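Colleague: Here you go, this is protein04.pdb (PDB, C-alpha atoms).
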MODEL        1
ATOM      1  CA  MET V1432      42.397  67.407 -11.037
ATOM      2  CA  PRO V1433      43.698  69.648 -13.887
ATOM      3  CA  GLN V1434      43.422  73.368 -13.336
ATOM      4  CA  ALA V1435      40.494  75.006 -15.145
ATOM      5  CA  SER V1436      41.381  77.283 -18.011
ATOM      6  CA  LEU V1437      41.741  80.937 -17.185
ATOM      7  CA  LEU V1438      38.844  81.640 -19.544
ATOM      8  CA  GLY V1439      36.694  79.173 -17.634
ATOM      9  CA  GLN V1440      37.717  80.676 -14.300
ATOM     10  CA  THR V1441      37.050  84.186 -15.597
ATOM     11  CA  LYS V1442      33.547  83.328 -16.811
ATOM     12  CA  ALA V1443      32.782  81.458 -13.596
ATOM     13  CA  ARG V1444      33.932  84.338 -11.409
ATOM     14  CA  LEU V1445      31.921  86.850 -13.440
ATOM     15  CA  ARG V1446      28.806  84.657 -13.143
ATOM     16  CA  ARG V1447      29.280  84.206  -9.409
ATOM     17  CA  LEU V1448      29.619  87.954  -8.936
ATOM     18  CA  GLY V1449      26.788  88.747 -11.331
ATOM     19  CA  LEU V1450      29.092  90.942 -13.414
ATOM     20  CA  ARG V1451      29.869  91.629 -17.048
ATOM     21  CA  ALA V1452      32.799  93.410 -18.654
ATOM     22  CA  ARG V1453      32.000  97.117 -18.916
ATOM     23  CA  LYS V1454      32.674  98.353 -22.413
ATOM     24  CA  GLY V1455      32.622 101.972 -21.251
ATOM     25  CA  LEU V1456      35.624 101.267 -18.991
ATOM     26  CA  GLY V1457      37.487  99.367 -21.702
ATOM     27  CA  GLN V1458      37.453  96.134 -19.686
ATOM     28  CA  HIS V1459      39.078  93.125 -21.354
ATOM     29  CA  PHE V1460      40.146  90.396 -18.925
ATOM     30  CA  LEU V1461      43.396  88.537 -19.632
ATOM     31  CA  ILE V1462      42.692  84.811 -20.100
ATOM     32  CA  ASP V1463      46.101  83.549 -21.296
ATOM     33  CA  ARG V1464      48.288  82.125 -18.528
ATOM     34  CA  GLU V1465      51.438  82.242 -20.666
ATOM     35  CA  VAL V1466      50.942  85.960 -21.295
ATOM     36  CA  MET V1467      50.362  86.475 -17.585
ATOM     37  CA  ARG V1468      53.630  84.681 -16.841
ATOM     38  CA  MET V1469      55.450  86.890 -19.354
ATOM     39  CA  VAL V1470      54.075  90.047 -17.729
ATOM     40  CA  VAL V1471      55.106  88.921 -14.250
ATOM     41  CA  ALA V1472      58.538  87.784 -15.465
ATOM     42  CA  ALA V1473      59.099  91.108 -17.250
ATOM     43  CA  ALA V1474      58.592  92.908 -13.946
ATOM     44  CA  GLY V1475      61.482  90.953 -12.368
ATOM     45  CA  LEU V1476      59.861  90.972  -8.949
ATOM     46  CA  THR V1477      61.556  90.297  -5.630
ATOM     47  CA  PRO V1478      60.207  90.222  -2.041
ATOM     48  CA  GLN V1479      61.611  93.743  -1.629
ATOM     49  CA  ASP V1480      59.438  95.211  -4.402
ATOM     50  CA  VAL V1481      56.353  97.350  -3.992
ATOM     51  CA  VAL V1482      54.032  97.093  -6.998
ATOM     52  CA  ILE V1483      51.206  99.374  -8.060
ATOM     53  CA  GLU V1484      48.832  97.402 -10.253
ATOM     54  CA  VAL V1485      46.437  99.505 -12.306
ATOM     55  CA  GLY V1486      43.213  97.751 -13.271
ATOM     56  CA  PRO V1487      43.452  94.432 -11.373
ATOM     57  CA  GLY V1488      40.072  93.352 -12.722
ATOM     58  CA  LEU V1489      39.176  89.948 -11.283
ATOM     59  CA  GLY V1490      42.471  89.642  -9.434
ATOM     60  CA  PHE V1491      44.168  86.725 -11.206
ATOM     61  CA  MET V1492      47.239  88.808 -12.075
ATOM     62  CA  THR V1493      47.129  90.407  -8.635
ATOM     63  CA  ALA V1494      47.549  87.020  -6.973
ATOM     64  CA  GLU V1495      50.554  86.205  -9.177
ATOM     65  CA  LEU V1496      52.188  89.535  -8.365
ATOM     66  CA  ALA V1497      51.573  89.072  -4.633
ATOM     67  CA  ARG V1498      53.343  85.689  -4.671
ATOM     68  CA  ARG V1499      56.566  87.370  -5.794
ATOM     69  CA  ALA V1500      56.469  90.972  -4.538
ATOM     70  CA  GLY V1501      56.615  92.225  -0.993
ATOM     71  CA  ARG V1502      53.529  94.408  -1.411
ATOM     72  CA  VAL V1503      50.896  94.958  -4.107
ATOM     73  CA  ILE V1504      48.680  98.041  -4.237
ATOM     74  CA  ALA V1505      45.866  97.307  -6.686
ATOM     75  CA  VAL V1506      43.964 100.376  -7.914
ATOM     76  CA  GLU V1507      40.583  99.540  -9.465
ATOM     77  CA  LEU V1508      38.130 102.140 -10.785
ATOM     78  CA  ASP V1509      35.145  99.766 -11.027
ATOM     79  CA  SER V1510      33.594  99.675  -7.544
ATOM     80  CA  ARG V1511      31.957  96.291  -8.229
ATOM     81  CA  LEU V1512      35.308  94.671  -8.995
ATOM     82  CA  ALA V1513      37.026  96.467  -6.109
ATOM     83  CA  ASP V1514      34.389  95.183  -3.667
ATOM     84  CA  ALA V1515      34.829  91.645  -4.995
ATOM     85  CA  LEU V1516      38.607  91.844  -4.620
ATOM     86  CA  LYS V1517      38.256  93.014  -1.024
ATOM     87  CA  GLN V1518      36.311  89.840  -0.216
ATOM     88  CA  CYS V1519      39.498  87.804  -0.660
ATOM     89  CA  PRO V1520      41.982  89.654   1.547
ATOM     90  CA  ALA V1521      45.699  88.861   1.515
ATOM     91  CA  ASP V1522      48.360  90.130   3.867
ATOM     92  CA  ASN V1523      50.384  91.897   1.195
ATOM     93  CA  ILE V1524      47.588  93.174  -1.090
ATOM     94  CA  THR V1525      45.834  96.524  -0.675
ATOM     95  CA  ILE V1526      42.779  97.299  -2.826
ATOM     96  CA  ILE V1527      42.112 100.954  -3.679
ATOM     97  CA  ASN V1528      38.780 101.817  -5.326
ATOM     98  CA  GLU V1529      39.687 105.020  -7.134
ATOM     99  CA  ASP V1530      40.735 106.493 -10.465
ATOM    100  CA  ILE V1531      44.528 106.177 -10.682
ATOM    101  CA  LEU V1532      44.655 109.520 -12.492
ATOM    102  CA  HIS V1533      43.306 111.182  -9.347
ATOM    103  CA  ILE V1534      45.908 109.657  -7.024
ATOM    104  CA  GLU V1535      49.419 110.997  -6.571
ATOM    105  CA  PRO V1536      51.632 107.867  -6.510
ATOM    106  CA  ALA V1537      53.626 109.245  -3.591
ATOM    107  CA  THR V1538      50.512 108.924  -1.393
ATOM    108  CA  LEU V1539      50.471 105.185  -2.119
ATOM    109  CA  VAL V1540      54.152 104.293  -1.891
ATOM    110  CA  GLY V1541      55.822 107.246  -0.189
ATOM    111  CA  ALA V1542      58.975 107.278  -2.323
ATOM    112  CA  PRO V1543      60.318 106.515  -5.807
ATOM    113  CA  GLY V1544      61.569 103.085  -6.774
ATOM    114  CA  TYR V1545      58.370 101.042  -6.930
ATOM    115  CA  LYS V1546      57.166  99.117  -9.998
ATOM    116  CA  VAL V1547      53.984  99.477 -12.036
ATOM    117  CA  VAL V1548      52.152  96.591 -13.699
ATOM    118  CA  ALA V1549      49.000  97.339 -15.666
ATOM    119  CA  ASN V1550      46.620  95.989 -18.283
ATOM    120  CA  LEU V1551      45.564  99.429 -19.461
ATOM    121  CA  PRO V1552      42.283 100.298 -21.168
ATOM    122  CA  TYR V1553      43.327 101.698 -24.513
ATOM    123  CA  TYR V1554      41.579 105.024 -24.030
ATOM    124  CA  ILE V1555      43.654 106.024 -20.988
ATOM    125  CA  THR V1556      47.048 104.610 -21.991
ATOM    126  CA  SER V1557      48.790 107.931 -22.668
ATOM    127  CA  ALA V1558      47.270 109.614 -19.624
ATOM    128  CA  VAL V1559      48.345 106.829 -17.240
ATOM    129  CA  LEU V1560      51.875 106.699 -18.626
ATOM    130  CA  ARG V1561      52.228 110.457 -18.297
ATOM    131  CA  HIS V1562      50.762 110.327 -14.771
ATOM    132  CA  PHE V1563      53.524 108.003 -13.570
ATOM    133  CA  LEU V1564      56.402 109.336 -15.673
ATOM    134  CA  GLU V1565      55.815 112.892 -14.473
ATOM    135  CA  ALA V1566      54.989 112.011 -10.853
ATOM    136  CA  SER V1567      56.961 113.391  -7.935
ATOM    137  CA  ALA V1568      57.629 109.780  -6.896
ATOM    138  CA  THR V1569      58.384 107.873 -10.080
ATOM    139  CA  PRO V1570      58.556 104.098 -10.553
ATOM    140  CA  ARG V1571      61.809 102.505 -11.596
ATOM    141  CA  LEU V1572      60.045 100.089 -13.937
ATOM    142  CA  MET V1573      56.698  99.891 -15.722
ATOM    143  CA  VAL V1574      55.283  96.786 -17.413
ATOM    144  CA  VAL V1575      52.070  97.628 -19.210
ATOM    145  CA  MET V1576      49.778  95.936 -21.697
ATOM    146  CA  VAL V1577      48.848  98.412 -24.421
ATOM    147  CA  GLN V1578      47.543  98.423 -27.974
ATOM    148  CA  LYS V1579      50.168  96.969 -30.326
ATOM    149  CA  GLU V1580      50.451 100.034 -32.535
ATOM    150  CA  VAL V1581      50.783 102.299 -29.497
ATOM    151  CA  ALA V1582      53.609 100.121 -28.161
ATOM    152  CA  ARG V1583      55.371 100.328 -31.506
ATOM    153  CA  ALA V1584      54.984 104.106 -31.552
ATOM    154  CA  ILE V1585      56.371 104.446 -28.018
ATOM    155  CA  ALA V1586      59.370 102.189 -28.708
ATOM    156  CA  ALA V1587      60.141 103.751 -32.118
ATOM    157  CA  ARG V1588      63.642 104.877 -33.021
ATOM    158  CA  ALA V1589      64.873 107.781 -35.139
ATOM    159  CA  GLY V1590      63.158 107.707 -38.498
ATOM    160  CA  ARG V1591      59.802 106.757 -36.966
ATOM    161  CA  MET V1592      59.741 108.981 -33.889
ATOM    162  CA  SER V1593      56.597 110.840 -32.831
ATOM    163  CA  LEU V1594      55.551 113.191 -30.070
ATOM    164  CA  LEU V1595      54.451 110.111 -28.079
ATOM    165  CA  SER V1596      57.802 108.330 -28.396
ATOM    166  CA  VAL V1597      59.737 111.460 -27.393
ATOM    167  CA  SER V1598      57.341 112.014 -24.464
ATOM    168  CA  VAL V1599      58.027 108.537 -23.057
ATOM    169  CA  GLN V1600      61.692 108.155 -23.979
ATOM    170  CA  LEU V1601      62.608 111.393 -22.229
ATOM    171  CA  TYR V1602      61.857 109.533 -18.987
ATOM    172  CA  GLY V1603      62.745 105.924 -19.737
ATOM    173  CA  GLN V1604      63.831 103.235 -22.166
ATOM    174  CA  PRO V1605      60.851 101.365 -23.684
ATOM    175  CA  GLU V1606      61.077  97.798 -24.954
ATOM    176  CA  ILE V1607      58.422  95.543 -26.480
ATOM    177  CA  VAL V1608      58.572  92.243 -24.602
ATOM    178  CA  SER V1609      56.019  90.374 -26.704
ATOM    179  CA  TYR V1610      52.951  90.832 -28.842
ATOM    180  CA  VAL V1611      49.639  89.559 -27.492
ATOM    181  CA  PRO V1612      46.801  88.444 -29.805
ATOM    182  CA  ALA V1613      43.305  89.770 -29.214
ATOM    183  CA  ASN V1614      42.006  86.298 -28.327
ATOM    184  CA  SER V1615      44.132  86.371 -25.174
ATOM    185  CA  PHE V1616      41.401  88.551 -23.631
ATOM    186  CA  TYR V1617      37.744  88.121 -22.751
ATOM    187  CA  PRO V1618      35.882  89.727 -24.331
ATOM    188  CA  ALA V1619      38.392  90.012 -27.187
ATOM    189  CA  PRO V1620      39.238  93.578 -28.240
ATOM    190  CA  GLU V1621      39.294  94.528 -31.902
ATOM    191  CA  VAL V1622      43.081  94.883 -32.047
ATOM    192  CA  ASP V1623      46.144  93.025 -30.800
ATOM    193  CA  SER V1624      48.142  94.204 -27.798
ATOM    194  CA  ALA V1625      51.754  94.214 -26.668
ATOM    195  CA  ILE V1626      53.622  93.887 -23.380
ATOM    196  CA  LEU V1627      55.687  97.051 -23.041
ATOM    197  CA  ARG V1628      58.461  97.403 -20.449
ATOM    198  CA  ILE V1629      59.743 100.893 -19.624
ATOM    199  CA  THR V1630      62.906 101.139 -17.535
ATOM    200  CA  LEU V1631      63.070 104.642 -16.144
ATOM    201  CA  HIS V1632      66.229 106.725 -16.305
ATOM    202  CA  ALA V1633      67.811 107.620 -12.992
ATOM    203  CA  ARG V1634      67.426 111.238 -14.056
ATOM    204  CA  PRO V1635      65.596 112.597 -17.153
ATOM    205  CA  ALA V1636      67.705 114.536 -19.656
ATOM    206  CA  VAL V1637      65.472 117.569 -19.042
ATOM    207  CA  ALA V1638      64.664 118.672 -15.494
ATOM    208  CA  ALA V1639      61.003 118.769 -14.487
ATOM    209  CA  GLU V1640      60.897 122.570 -14.335
ATOM    210  CA  ASN V1641      62.017 122.762 -17.967
ATOM    211  CA  THR V1642      59.754 120.144 -19.549
ATOM    212  CA  GLY V1643      57.097 122.722 -20.477
ATOM    213  CA  VAL V1644      59.474 124.550 -22.809
ATOM    214  CA  PHE V1645      60.984 121.292 -24.057
ATOM    215  CA  PHE V1646      57.638 119.857 -25.120
ATOM    216  CA  LYS V1647      56.564 123.185 -26.599
ATOM    217  CA  LEU V1648      59.556 122.830 -28.927
ATOM    218  CA  VAL V1649      58.886 119.162 -29.731
ATOM    219  CA  ARG V1650      55.187 119.776 -30.389
ATOM    220  CA  ALA V1651      56.170 122.568 -32.743
ATOM    221  CA  GLY V1652      58.503 120.229 -34.611
ATOM    222  CA  PHE V1653      55.666 117.765 -35.141
ATOM    223  CA  THR V1654      53.154 120.473 -36.092
ATOM    224  CA  ALA V1655      53.475 119.317 -39.686
ATOM    225  CA  SER V1656      55.719 116.261 -39.441
ATOM    226  CA  ARG V1657      55.962 115.775 -43.204
ATOM    227  CA  LYS V1658      57.433 119.240 -43.628
ATOM    228  CA  GLN V1659      61.085 120.060 -43.306
ATOM    229  CA  LEU V1660      61.982 120.767 -39.694
ATOM    230  CA  ALA V1661      62.845 124.421 -40.276
ATOM    231  CA  ASN V1662      59.373 125.066 -41.671
ATOM    232  CA  SER V1663      57.573 123.080 -38.963
ATOM    233  CA  LEU V1664      59.409 124.883 -36.172
ATOM    234  CA  ALA V1665      58.832 128.291 -37.700
ATOM    235  CA  GLN V1666      55.123 127.534 -37.978
ATOM    236  CA  GLY V1667      54.735 125.867 -34.595
ATOM    237  CA  LEU V1668      56.795 128.396 -32.636
ATOM    238  CA  GLU V1669      55.460 131.382 -34.592
ATOM    239  CA  MET V1670      58.999 132.456 -35.389
ATOM    240  CA  ALA V1671      60.539 133.699 -38.605
ATOM    241  CA  LYS V1672      62.398 131.022 -40.514
ATOM    242  CA  GLY V1673      65.434 133.289 -40.357
ATOM    243  CA  GLN V1674      65.385 132.874 -36.558
ATOM    244  CA  VAL V1675      64.980 129.108 -36.704
ATOM    245  CA  LEU V1676      67.790 128.331 -39.145
ATOM    246  CA  PRO V1677      70.647 129.598 -36.887
ATOM    247  CA  MET V1678      69.293 127.514 -33.999
ATOM    248  CA  LEU V1679      69.293 124.363 -36.106
ATOM    249  CA  GLU V1680      72.809 125.131 -37.327
ATOM    250  CA  GLU V1681      74.043 125.649 -33.758
ATOM    251  CA  ALA V1682      72.488 122.320 -32.742
ATOM    252  CA  GLY V1683      74.107 120.572 -35.711
ATOM    253  CA  ILE V1684      70.784 119.600 -37.276
ATOM    254  CA  ALA V1685      70.186 120.007 -41.017
ATOM    255  CA  PRO V1686      67.108 122.227 -41.605
ATOM    256  CA  GLN V1687      65.692 119.951 -44.302
ATOM    257  CA  ARG V1688      65.340 116.987 -41.950
ATOM    258  CA  ARG V1689      61.911 115.983 -40.660
ATOM    259  CA  ALA V1690      60.884 115.763 -37.016
ATOM    260  CA  GLU V1691      60.505 111.973 -37.018
ATOM    261  CA  THR V1692      64.191 111.529 -37.919
ATOM    262  CA  LEU V1693      65.573 113.275 -34.829
ATOM    263  CA  THR V1694      66.886 111.241 -31.916
ATOM    264  CA  LEU V1695      65.977 112.139 -28.361
ATOM    265  CA  GLU V1696      69.514 113.453 -27.870
ATOM    266  CA  GLU V1697      69.103 115.792 -30.841
ATOM    267  CA  TRP V1698      65.839 117.138 -29.424
ATOM    268  CA  VAL V1699      67.653 117.861 -26.159
ATOM    269  CA  TRP V1700      70.479 119.644 -27.996
ATOM    270  CA  LEU V1701      67.966 121.704 -29.943
ATOM    271  CA  TRP V1702      66.052 122.535 -26.770
ATOM    272  CA  GLN V1703      69.259 123.767 -25.119
ATOM    273  CA  VAL V1704      69.874 126.088 -28.071
ATOM    274  CA  TYR V1705      66.227 127.226 -28.165
ATOM    275  CA  ARG V1706      66.238 127.951 -24.434
ATOM    276  CA  ARG V1707      69.206 130.304 -24.916
ATOM    277  CA  ASN V1708      67.810 131.996 -28.011
ATOM    278  CA  ARG V1709      64.030 131.967 -27.749
ATOM    279  CA  PRO V1710      62.251 135.312 -27.742
ATOM    280  CA  CYS V1711      61.213 136.587 -24.323
TER     281      CYS V1711
ENDMDL
END
Write out the structure in this file as structure tokens.

Modeller:
Amino acid sequence: MPQASLLGQTKARLRRLGLRARKGLGQHFLIDREVMRMVVAAAGLTPQDVVIEVGPGLGFMTAELARRAGRVIAVELDSRLADALKQCPADNITIINEDILHIEPATLVGAPGYKVVANLPYYITSAVLRHFLEASATPRLMVVMVQKEVARAIAARAGRMSLLSVSVQLYGQPEIVSYVPANSFYPAPEVDSAILRITLHARPAVAAENTGVFFKLVRAGFTASRKQLANSLAQGLEMAKGQVLPMLEEAGIAPQRRAETLTLEEWVWLWQVYRRNRPC
């Protein structure tokens, strides 16, 4: 007998459980098997891998991950879905009914080196990425489904950089694996999505204790991104332009450039100069 479509299985499971997608939680269930295969393949799983899955929903992706990984920790905020997932126990799957933003990853996995797979509600994308990228125990790889335009912003290169792209690329190398049309989900969202893979650096270019000052500088640069960098920095850092110009010169950055044109490496150079010269 041919396997029922994932849409059919999704609707049937929702009916059996007496559930509906909760708009307030941004729930859109993946119903495209080919997209699911691409997500799992992008994670490059082995029996040695520990995976944290954020938002397992009805558990179809969870089952695919568990077939390939040694252990899957599925964190689901919706207590109704979490209870349903617990009714189908598997030896290598653990269901956690909590908000991932309230859990320190180290308490789930103990050490860095795990992988994250997630179909993220659009409204918490940035917060979840930051939560893992800045954690004491970081993953070595993240494969996340996010809004298409957000994925493009994160993976942008010099000329189209933003505070978001700098914030992610400081910690890892993002890559868009594939775009995903809205009709790959039930109910369909209003916009298309993308599979984004982030391979984390062994060590960020800026140490954790210095990221506060680093991002203060970057935020200042993007205060008025259409302005020349010297003017944006002077405004954002509340410094005289005469103080900003020597810093840019020392970093080898022309003052008339705009923030979106700087590479991550140039931001790091500028931060090193700023750290030495910033007012106390």

Colleague: Determine, using only C-alpha atoms, which residues of stretch 1645-1676 of chain V have any atom at most 12 Å from an atom of stretch 1600-1608 of chain V, and tabulate each with its shortest atom pair and distance in Å to one decimal place, rows ordered by chain and then rising number, as JSON lines.

Modeller:
{"residue": "V:Phe1645", "atom": "CA", "partner": "V:Leu1601", "partner_atom": "CA", "distance": 10.2}
{"residue": "V:Phe1646", "atom": "CA", "partner": "V:Leu1601", "partner_atom": "CA", "distance": 10.2}
{"residue": "V:Val1649", "atom": "CA", "partner": "V:Leu1601", "partner_atom": "CA", "distance": 11.4}

Colleague: Translate the PyMOL selection byres ((chain V and resi 1544-1549) around 7) into a concrete residue list for this structure, as a PyMOL selection string.

Modeller: chain V and resi 1480-1486+1542-1543+1550-1551+1569-1576

Colleague: Is it possible to get the residues within 12 Å of (39.5, 96.3, -14.6) (coordinates as in the file, counting only C-alpha atoms) written as an MDAnalysis selection string?

Modeller: chainID V and resid 1450:1461 1484:1493 1505:1513 1515:1516 1528:1531 1549:1553 1617

Colleague: Residues near V:Val1699, anyone? I mean within 8 Å using only C-alpha atoms, not counting same-chain ones fewer than 3 positions away, as a list in words.

Modeller: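 Residues near the query, excluding close chain neighbours: Ala1636, Val1637, Phe1645, Leu1695, Glu1696, Trp1702 and Gln1703 of chain V.
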
Colleague: Those selected residues, please, written with C-alpha atoms and delivered as a short mmCIF file (atom, residue, chain, number, x, y, z; two decimals), keeping the file's coordinate frame.

Modeller:
data_model
loop_
_atom_site.label_atom_id
_atom_site.label_comp_id
_atom_site.auth_asym_id
_atom_site.auth_seq_id
_atom_site.Cartn_x
_atom_site.Cartn_y
_atom_site.Cartn_z
CA ALA V 1636 67.70 114.54 -19.66
CA VAL V 1637 65.47 117.57 -19.04
CA PHE V 1645 60.98 121.29 -24.06
CA LEU V 1695 65.98 112.14 -28.36
CA GLU V 1696 69.51 113.45 -27.87
CA TRP V 1702 66.05 122.54 -26.77
CA GLN V 1703 69.26 123.77 -25.12
#

Colleague: Expanded to explicit residues, what is the PyMOL selection byres ((chain V and resi 1502) around 10) for this file, as a short mmCIF file (atom, residue, chain, number, x, y, z; two decimals) with C-alpha atoms, in the coordinates of the input?

Modeller:
data_model
loop_
_atom_site.label_atom_id
_atom_site.label_comp_id
_atom_site.auth_asym_id
_atom_site.auth_seq_id
_atom_site.Cartn_x
_atom_site.Cartn_y
_atom_site.Cartn_z
CA THR V 1477 61.56 90.30 -5.63
CA PRO V 1478 60.21 90.22 -2.04
CA GLN V 1479 61.61 93.74 -1.63
CA ASP V 1480 59.44 95.21 -4.40
CA VAL V 1481 56.35 97.35 -3.99
CA VAL V 1482 54.03 97.09 -7.00
CA ILE V 1483 51.21 99.37 -8.06
CA LEU V 1496 52.19 89.54 -8.36
CA ALA V 1497 51.57 89.07 -4.63
CA ARG V 1498 53.34 85.69 -4.67
CA ARG V 1499 56.57 87.37 -5.79
CA ALA V 1500 56.47 90.97 -4.54
CA GLY V 1501 56.62 92.22 -0.99
CA VAL V 1503 50.90 94.96 -4.11
CA ILE V 1504 48.68 98.04 -4.24
CA ALA V 1505 45.87 97.31 -6.69
CA ASP V 1522 48.36 90.13 3.87
CA ASN V 1523 50.38 91.90 1.20
CA ILE V 1524 47.59 93.17 -1.09
CA THR V 1525 45.83 96.52 -0.68
CA VAL V 1540 54.15 104.29 -1.89
CA TYR V 1545 58.37 101.04 -6.93
#

Colleague: Find the residue from V:Ile1462, V:Asp1514, V:Glu1680, V:Ala1521 that sits nearest to V:Leu1448; use only C-alpha atoms when measuring.

Modeller: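 Closest to V:Leu1448 of all the choices is V:Asp1514.
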
Colleague: Can you list what the PyMOL selection byres ((chain V and resi 1644) around 12) grabs from this structure, as JSON, numbers by chain?

Modeller: {"V": [1637, 1638, 1639, 1640, 1641, 1642, 1643, 1645, 1646, 1647, 1648, 1649, 1650, 1651, 1668, 1698, 1699, 1701, 1702, 1703, 1704, 1705, 1706, 1707, 1709]}

Colleague: Quick one: distance from atom CA of V:Ile1629 to atom CA of V:Ala1537 in Å, one decimal?

Modeller: 19.1 Å

Colleague: Output as a compact mmCIF listing (two decimals), keeping the file's coordinate frame: stretch 1653-1674 of chain V, completed with N, CA and C atoms.

Modeller:
# COMPACT_ATOMS: atom_id res chain seq x y z
N PHE V 1653 56.61 118.72 -34.56
CA PHE V 1653 55.67 117.76 -35.14
C PHE V 1653 54.38 118.43 -35.61
N THR V 1654 54.35 119.77 -35.63
CA THR V 1654 53.15 120.47 -36.09
C THR V 1654 52.75 119.99 -37.48
N ALA V 1655 53.71 119.85 -38.34
CA ALA V 1655 53.48 119.32 -39.69
C ALA V 1655 54.64 118.38 -39.97
N SER V 1656 54.56 117.15 -39.47
CA SER V 1656 55.72 116.26 -39.44
C SER V 1656 56.26 115.92 -40.82
N ARG V 1657 55.47 116.09 -41.87
CA ARG V 1657 55.96 115.78 -43.20
C ARG V 1657 56.73 116.95 -43.82
N LYS V 1658 56.67 118.09 -43.15
CA LYS V 1658 57.43 119.24 -43.63
C LYS V 1658 58.87 119.16 -43.16
N GLN V 1659 59.72 119.92 -43.79
CA GLN V 1659 61.08 120.06 -43.31
C GLN V 1659 61.05 120.73 -41.94
N LEU V 1660 62.00 120.34 -41.09
CA LEU V 1660 61.98 120.77 -39.69
C LEU V 1660 62.01 122.29 -39.55
N ALA V 1661 62.78 122.96 -40.38
CA ALA V 1661 62.84 124.42 -40.28
C ALA V 1661 61.47 125.04 -40.48
N ASN V 1662 60.70 124.52 -41.41
CA ASN V 1662 59.37 125.07 -41.67
C ASN V 1662 58.40 124.72 -40.55
N SER V 1663 58.46 123.49 -40.05
CA SER V 1663 57.57 123.08 -38.96
C SER V 1663 57.82 123.91 -37.71
N LEU V 1664 59.08 124.11 -37.37
CA LEU V 1664 59.41 124.88 -36.17
C LEU V 1664 58.99 126.34 -36.32
N ALA V 1665 59.23 126.89 -37.48
CA ALA V 1665 58.83 128.29 -37.70
C ALA V 1665 57.33 128.44 -37.54
N GLN V 1666 56.58 127.49 -38.08
CA GLN V 1666 55.12 127.53 -37.98
C GLN V 1666 54.67 127.29 -36.55
N GLY V 1667 55.19 126.24 -35.93
CA GLY V 1667 54.74 125.87 -34.60
C GLY V 1667 55.14 126.83 -33.50
N LEU V 1668 56.30 127.45 -33.65
CA LEU V 1668 56.80 128.40 -32.64
C LEU V 1668 56.44 129.83 -32.96
N GLU V 1669 55.82 130.03 -34.13
CA GLU V 1669 55.46 131.38 -34.59
C GLU V 1669 56.70 132.28 -34.62
N MET V 1670 57.74 131.74 -35.23
CA MET V 1670 59.00 132.46 -35.39
C MET V 1670 59.31 132.58 -36.88
N ALA V 1671 60.09 133.57 -37.22
CA ALA V 1671 60.54 133.70 -38.60
C ALA V 1671 61.52 132.58 -38.91
N LYS V 1672 61.48 132.09 -40.13
CA LYS V 1672 62.40 131.02 -40.51
C LYS V 1672 63.85 131.47 -40.36
N GLY V 1673 64.09 132.76 -40.53
CA GLY V 1673 65.43 133.29 -40.36
C GLY V 1673 65.92 133.20 -38.92
N GLN V 1674 65.00 133.07 -37.96
CA GLN V 1674 65.39 132.87 -36.56
C GLN V 1674 65.62 131.39 -36.26
